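Let me begin by presenting the structure, written as structure tokens, before commenting on it.
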Amino acid sequence: MRLKPLYVMQALAIASISMSANAETQTTTQFKMPALQVVGTEGSKEERISRQTGAVVLIDREEIERIQPTSTEDVLRRVPGINAKTEEESSVVSNIGIRGLSASESKSLILEDGVPVAPGLFIGNDRYFNPRIQRMEGIEILKGSSSLRYGPSTIGGVINYQTKTPDDGVHVSTRFGSFNTREATLEAGGRTESGDSFAGIVATRALSDGFMDKDYRMSDIMVKAGTKLNENHSLGIKLSYYENEANISYRGMFLNDYKAGRTYNPAPDDYFLTDRKAIDVNHEWHLSDNVTLTTLAYWSEMSRDYWRYGVNTGASNASGRWVYTDSLNGNNRSFERYGVESRLAIDHNLFGITNETEFGIRYMQEESDDKTIGATRANDRSGRLNNHLRDKADSIAGYVQNRFEITDRLAVTPGLRVESYEQKRNTILVRNASGVLLPAATGSEKTNNTEVLPGIGATYQLIPEAQLYGGVYKAFSPASNNVALEGLTDQKLDGQRSVNYELGIRGAVDRMSYELTGFYMDFDNLVVTGNSDPNLSQSNAGESKHYGLEAALGYELGGGFSVDTNLTWVPYSRFEAGENSGNRLPYSPKFLANVALNYTQGKFSSSLTAHHRGEQYGLETNEENIPTGAGGGIWGGLMPSYTVYDLYAQYQVSEQFRVRGAVKNLTDKLYITGLRQGIYVGPERSFEVGFDYSF
């Protein structure tokens, strides 16, 4: 049974308002819920960055609110090194590529408050849930050897979304805009008189007809509570619920209609239905002034029902757009995960120098249930079970790292991570195209693998205005169950491995801040099809290499003006072996660039931004031409480069009331964001206005 999101929001709001009313005259000791930190919260933003041996970007709430994002990808595409393949404006699914890795196959770890949020890290299907930006107060992006503490899938890096801890009182945000978009977010919280306990809620309801009539109905609810049990122990809990009914599909627009600027929904009856429930429990124990044990337990359950109608290929080619039949296919999957992770941090003076040591261990279990339903238009979303399988993975990981502060200027951090996992597949039911059961196709199989991942990084304060940093580490991404156990056969696959190198410099001089990073990734164990063993179809024989530069520059111009720019240049991102040897990876543009001109004067602030994405291929084969007809399979072709401009403004009318506005895609640029079975079109020019009020 589905929850009634609006009723839940109202009930929780009443409870939170009551608590906040009691907190108006209370002390303001800002105890926050304990959580596993990626970069940490101690010290200023600059100090936290300077302790990292790799490139790191910290985005705070003010920066998020300045650009008035619709989705997390609105924020991430402005970060150096990140390419977002947007399928629709609210980014229901995640498509992120970092440093030349394909944005259609994520090999970066996505966390929320230190907890993995991708539905299946070891069993696959990691795109199906993308956290909502409305609940976030910050984002940490970590690249280089600093990401060794996390895993798996840290080849590109780690993205950690930090959720809001509601302040005392009630805060309401609304947004209205093009495509009949309506959105409201409630934040309400309160603290006890001592300040040692708090509770709060962040709840969002968003509805839109969507660009190209890709409508969605989204509810997102998060409840947080925490308490300081005594001087040494603190406890926190977070509960969340998400539900979205999105009228989206893998099918996009045909080329001629795209060129003509058509804006109809190419799959008007396909729906992507998701819901997710999750619980995180954090405990922090200060064993002494120099020793802290942090433990996190988490559970989540997610379902994704994807209903797609069949097509008549001949009729589609004749009409120049998809023509659908009455055959409906439900590809319905559910995922469950639970895990426990503990970290022990010790500050000590071994060898007569300052040391920071961290030990960590994690156990996690994932399971998915995959059903394919054959239905018809007359019996919408119900029908015969055609295929049914279960995937499962058990994993355990341990790591240790030590930061040696050798001098006031030089710190060296070696580390080691070990990931061991077992994958299982159980095929319960299979029918052929005629609906006949195939008992011989059912059964079970399992495989296991262990990866040893060493790394070392260092920072050196060259002068007060410049810090050098760099490192080398080994990372991996596991082959998913449907690849590792294809055909109910152990394909004997190791993890997809990469050795990553990084060297950079960062700092600030007067009004200017800067960062320049060079990177090189040697990916030597990609999964490829084809195998000399007749019993196997997959093998670890692929290689790819990626290298390039990331640069960022910020400057205070004076008079309230400032400029922020960044550029990513990836001249080489190619397959080194296999049938696509010499080809560039898909969704890996050579150039990405962002420029923001900001103005702040008193209560008014505004930004004019430009985002540029270079041309990129849709497939490994590097086909140049985008298909003009239905064809079959995933579409290829070379997608042209584009630049999109956005304008944002906000005015703080009073301490309690703020007005916001935005014009997105200011020049109404027509552009392609991606290819699948058709063309994904970037949103046309749109207008938004929003209001914030704090009680």
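In the structure tokens, the first chain shown is A, the next is B, and so on; residue numbers restart at 1 for each chain, and ligands run from 1 in the order shown.
The environment of Arg182 (chain A) within 7 Å, counting only C-alpha atoms and disregarding residues fewer than 6 places along the same chain, consists of Arg175, Phe176, Ala206, Leu207 and Ser208 of chain A.
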Quick one: write out the picked residues with all heavy atoms as an mmCIF file, in the first residue's frame?
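Listing of again.cif after writing:
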data_model
loop_
_atom_site.group_PDB
_atom_site.id
_atom_site.type_symbol
_atom_site.label_atom_id
_atom_site.label_comp_id
_atom_site.auth_asym_id
_atom_site.auth_seq_id
_atom_site.Cartn_x
_atom_site.Cartn_y
_atom_site.Cartn_z
ATOM 1 N N ARG A 175 7.828 27.113 -5.694
ATOM 2 C CA ARG A 175 8.337 27.432 -7.034
ATOM 3 C C ARG A 175 7.215 27.176 -8.037
ATOM 4 O O ARG A 175 6.523 26.158 -7.983
ATOM 5 C CB ARG A 175 9.558 26.570 -7.356
ATOM 6 C CG ARG A 175 9.977 26.678 -8.809
ATOM 7 C CD ARG A 175 11.393 26.221 -9.094
ATOM 8 N NE ARG A 175 11.825 25.045 -8.393
ATOM 9 C CZ ARG A 175 13.089 24.600 -8.404
ATOM 10 N NH1 ARG A 175 14.016 25.248 -9.065
ATOM 11 N NH2 ARG A 175 13.433 23.516 -7.756
ATOM 12 N N PHE A 176 7.069 28.113 -8.987
ATOM 13 C CA PHE A 176 6.102 27.984 -10.073
ATOM 14 C C PHE A 176 6.823 28.330 -11.367
ATOM 15 O O PHE A 176 7.682 29.219 -11.388
ATOM 16 C CB PHE A 176 4.914 28.931 -9.874
ATOM 17 C CG PHE A 176 4.246 28.785 -8.542
ATOM 18 C CD1 PHE A 176 4.629 29.581 -7.469
ATOM 19 C CD2 PHE A 176 3.250 27.850 -8.350
ATOM 20 C CE1 PHE A 176 4.027 29.453 -6.233
ATOM 21 C CE2 PHE A 176 2.633 27.707 -7.116
ATOM 22 C CZ PHE A 176 3.030 28.510 -6.053
ATOM 23 N N ALA A 206 6.151 18.015 -5.702
ATOM 24 C CA ALA A 206 6.387 18.676 -6.983
ATOM 25 C C ALA A 206 5.532 18.021 -8.058
ATOM 26 O O ALA A 206 5.471 16.788 -8.151
ATOM 27 C CB ALA A 206 7.863 18.593 -7.362
ATOM 28 N N LEU A 207 4.891 18.844 -8.867
ATOM 29 C CA LEU A 207 4.073 18.379 -9.981
ATOM 30 C C LEU A 207 4.395 19.217 -11.203
ATOM 31 O O LEU A 207 4.599 20.427 -11.097
ATOM 32 C CB LEU A 207 2.576 18.492 -9.670
ATOM 33 C CG LEU A 207 2.055 17.835 -8.389
ATOM 34 C CD1 LEU A 207 2.020 18.854 -7.260
ATOM 35 C CD2 LEU A 207 0.667 17.251 -8.618
ATOM 36 N N SER A 208 4.432 18.590 -12.364
ATOM 37 C CA SER A 208 4.712 19.326 -13.591
ATOM 38 C C SER A 208 4.186 18.560 -14.790
ATOM 39 O O SER A 208 4.189 17.325 -14.802
ATOM 40 C CB SER A 208 6.224 19.539 -13.731
ATOM 41 O OG SER A 208 6.535 20.209 -14.949
#
Within 8 Å of Gly443 (chain A), counting only C-alpha atoms, which residues show up once you throw out same-chain ones fewer than 3 positions away? Write them as a VMD selection string, please.
chain A and resid 426 to 428 440 488
Contacts of Gln496 (chain A) within 8 Å, only C-alpha atoms, excl. fewer than 6 positions in-chain, as a list in words
Phe476, Ser477, Pro478, Ala479, Phe523, Asp524, Asn525, Leu526, Val527 and Asn540 of chain A
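Proximity of A:Met33, A:Ala315, A:Val79, A:Ala297 to Asp564 (chain A), computed with only C-alpha atoms, is greatest for A:Val79.
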Mind checking which residues fall within 10 Å of region 216-219 of chain A, counting only C-alpha atoms, ignoring those fewer than 4 positions away in the same chain, and posting them as an MDAnalysis selection string?
chainID A and resid 4:6 9 90 92 132 181:185 203:210 241:248 271:275
Using only C-alpha atoms, please write the residues we just selected to a file, as a JSON list (two decimals), in the first residue's frame.
[["chain", "number", "residue", "atom", "x", "y", "z"],
["A", 4, "LYS", "CA", -0.44, 9.36, 1.19],
["A", 5, "PRO", "CA", 2.43, 11.86, 0.96],
["A", 6, "LEU", "CA", 0.42, 15.04, 1.50],
["A", 9, "MET", "CA", 3.62, 15.95, 5.30],
["A", 90, "SER", "CA", 14.11, 16.55, -13.18],
["A", 92, "VAL", "CA", 14.75, 10.93, -12.23],
["A", 132, "ARG", "CA", 16.25, 14.99, -4.80],
["A", 181, "THR", "CA", 5.45, 23.31, -12.74],
["A", 182, "ARG", "CA", 4.38, 23.64, -9.10],
["A", 183, "GLU", "CA", 6.62, 22.79, -6.18],
["A", 184, "ALA", "CA", 6.49, 23.33, -2.42],
["A", 185, "THR", "CA", 9.05, 22.39, 0.22],
["A", 203, "ALA", "CA", 9.13, 17.48, 2.73],
["A", 204, "THR", "CA", 8.63, 18.32, -0.94],
["A", 205, "ARG", "CA", 5.71, 17.92, -3.30],
["A", 206, "ALA", "CA", 6.39, 18.68, -6.98],
["A", 207, "LEU", "CA", 4.07, 18.38, -9.98],
["A", 208, "SER", "CA", 4.71, 19.33, -13.59],
["A", 209, "ASP", "CA", 3.40, 18.69, -17.07],
["A", 210, "GLY", "CA", 7.08, 18.64, -18.04],
["A", 241, "TYR", "CA", 10.32, 8.26, 1.75],
["A", 242, "TYR", "CA", 10.29, 9.06, -1.97],
["A", 243, "GLU", "CA", 7.67, 8.45, -4.64],
["A", 244, "ASN", "CA", 7.60, 9.55, -8.28],
["A", 245, "GLU", "CA", 5.33, 8.80, -11.20],
["A", 246, "ALA", "CA", 7.20, 10.00, -14.29],
["A", 247, "ASN", "CA", 5.95, 9.88, -17.88],
["A", 248, "ILE", "CA", 9.39, 9.11, -19.36],
["A", 271, "TYR", "CA", 5.73, 5.35, -17.34],
["A", 272, "PHE", "CA", 8.64, 5.05, -14.93],
["A", 273, "LEU", "CA", 7.25, 4.51, -11.41],
["A", 274, "THR", "CA", 9.58, 4.58, -8.42],
["A", 275, "ASP", "CA", 9.32, 4.60, -4.66]]
Name all residues at most 8 Å from Leu186 (chain A) (count only C-alpha atoms; drop same-chain ones fewer than 3 positions away) and give them as a ChimeraX atom specification.
/A:13,170-173,201-204
Of A:Phe129, A:Gln616, A:Phe254, A:Phe122, the one nearest to Ser303 (chain A) when counting only C-alpha atoms is A:Phe129
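The residue set within 9 Å of Ala35 (chain A), counting only C-alpha atoms and dropping same-chain residues fewer than 6 places from it, reads Asp113, Gly114, Gly236, Val281, Asn282, His283, Glu284, Thr294, Thr295 and Leu296 of chain A.
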Report the distance between CA of Val452 (chain A) and CA of Asp490 (chain A) in Å, rounded to one decimal place.
21.1 Å
Leaving out region 550-562 of chain A and any residue of its chain fewer than 6 positions from it, which residues lie within 10 Å of it when counting only C-alpha atoms, given as a ChimeraX atom specification?
/A:55,79-81,99,504-506,508-519,568-570,592-602,605-607
Out of region 370-544 of chain A, which residues get strand (DSSP E or B) from DSSP, as number ranges by chain?
A: 370-376, 384-405, 410-431, 437, 443-463, 466-477, 496-509, 512-529, 538-544
Considering only C-alpha atoms, tabulate each residue of region 38-60 of chain A that lies at most 8 Å from region 457-467 of chain A along with its nearest interatomic pair and the corresponding distance in Å to one decimal; arrange the rows by chain and ascending residue number and present them as a Markdown table.
| residue | atom | partner | partner_atom | distance |
| --- | --- | --- | --- | --- |
| A:Ser50 | CA | A:Gln467 | CA | 7.6 |
| A:Arg51 | CA | A:Thr459 | CA | 7.3 |
| A:Gln52 | CA | A:Thr459 | CA | 7.5 |
| A:Thr53 | CA | A:Gly457 | CA | 5.2 |
| A:Gly54 | CA | A:Gly457 | CA | 7.5 |
Save out the residues we just selected, N, CA, C and O atoms, as a PDB file, in the first residue's frame.
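Full text of again-v6.pdb as output:
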ATOM      1  N   SER A  50      42.249  21.668   2.076  1.00  0.00           N
ATOM      2  CA  SER A  50      43.718  21.561   2.087  1.00  0.00           C
ATOM      3  C   SER A  50      44.209  20.253   2.679  1.00  0.00           C
ATOM      4  O   SER A  50      45.375  19.878   2.489  1.00  0.00           O
ATOM      5  N   ARG A  51      43.367  19.524   3.392  1.00  0.00           N
ATOM      6  CA  ARG A  51      43.769  18.255   3.988  1.00  0.00           C
ATOM      7  C   ARG A  51      43.589  17.088   3.021  1.00  0.00           C
ATOM      8  O   ARG A  51      44.010  15.966   3.314  1.00  0.00           O
ATOM      9  N   GLN A  52      42.969  17.331   1.870  1.00  0.00           N
ATOM     10  CA  GLN A  52      42.687  16.252   0.927  1.00  0.00           C
ATOM     11  C   GLN A  52      43.819  16.105  -0.084  1.00  0.00           C
ATOM     12  O   GLN A  52      44.315  17.095  -0.620  1.00  0.00           O
ATOM     13  N   THR A  53      44.183  14.852  -0.357  1.00  0.00           N
ATOM     14  CA  THR A  53      45.277  14.581  -1.293  1.00  0.00           C
ATOM     15  C   THR A  53      44.809  14.548  -2.742  1.00  0.00           C
ATOM     16  O   THR A  53      45.619  14.297  -3.639  1.00  0.00           O
ATOM     17  N   GLY A  54      43.530  14.773  -2.971  1.00  0.00           N
ATOM     18  CA  GLY A  54      43.002  14.821  -4.329  1.00  0.00           C
ATOM     19  C   GLY A  54      42.172  16.065  -4.532  1.00  0.00           C
ATOM     20  O   GLY A  54      41.935  16.847  -3.607  1.00  0.00           O
TER      21      GLY A  54
END
DSSP helix (DSSP H, G or I) residues within region 86-156 of chain A, listed as a list in words
Ile133, Gln134, Arg135, Gly144, Ser145, Ser146, Ser147, Leu148 and Arg149 of chain A
One decimal place gives the CA of Ser91 (chain A)-CA of Pro683 (chain A) separation as 12.0 Å
Computed gap from CA of Ser434 (chain A) to CA of Leu385 (chain A) is 12.9 Å
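Residue nearest Lys143 (chain A) within the list A:Met521, A:Val223, A:Ala433, A:Ala318: A:Met521 [criterion: smallest interatomic distance, only C-alpha atoms].
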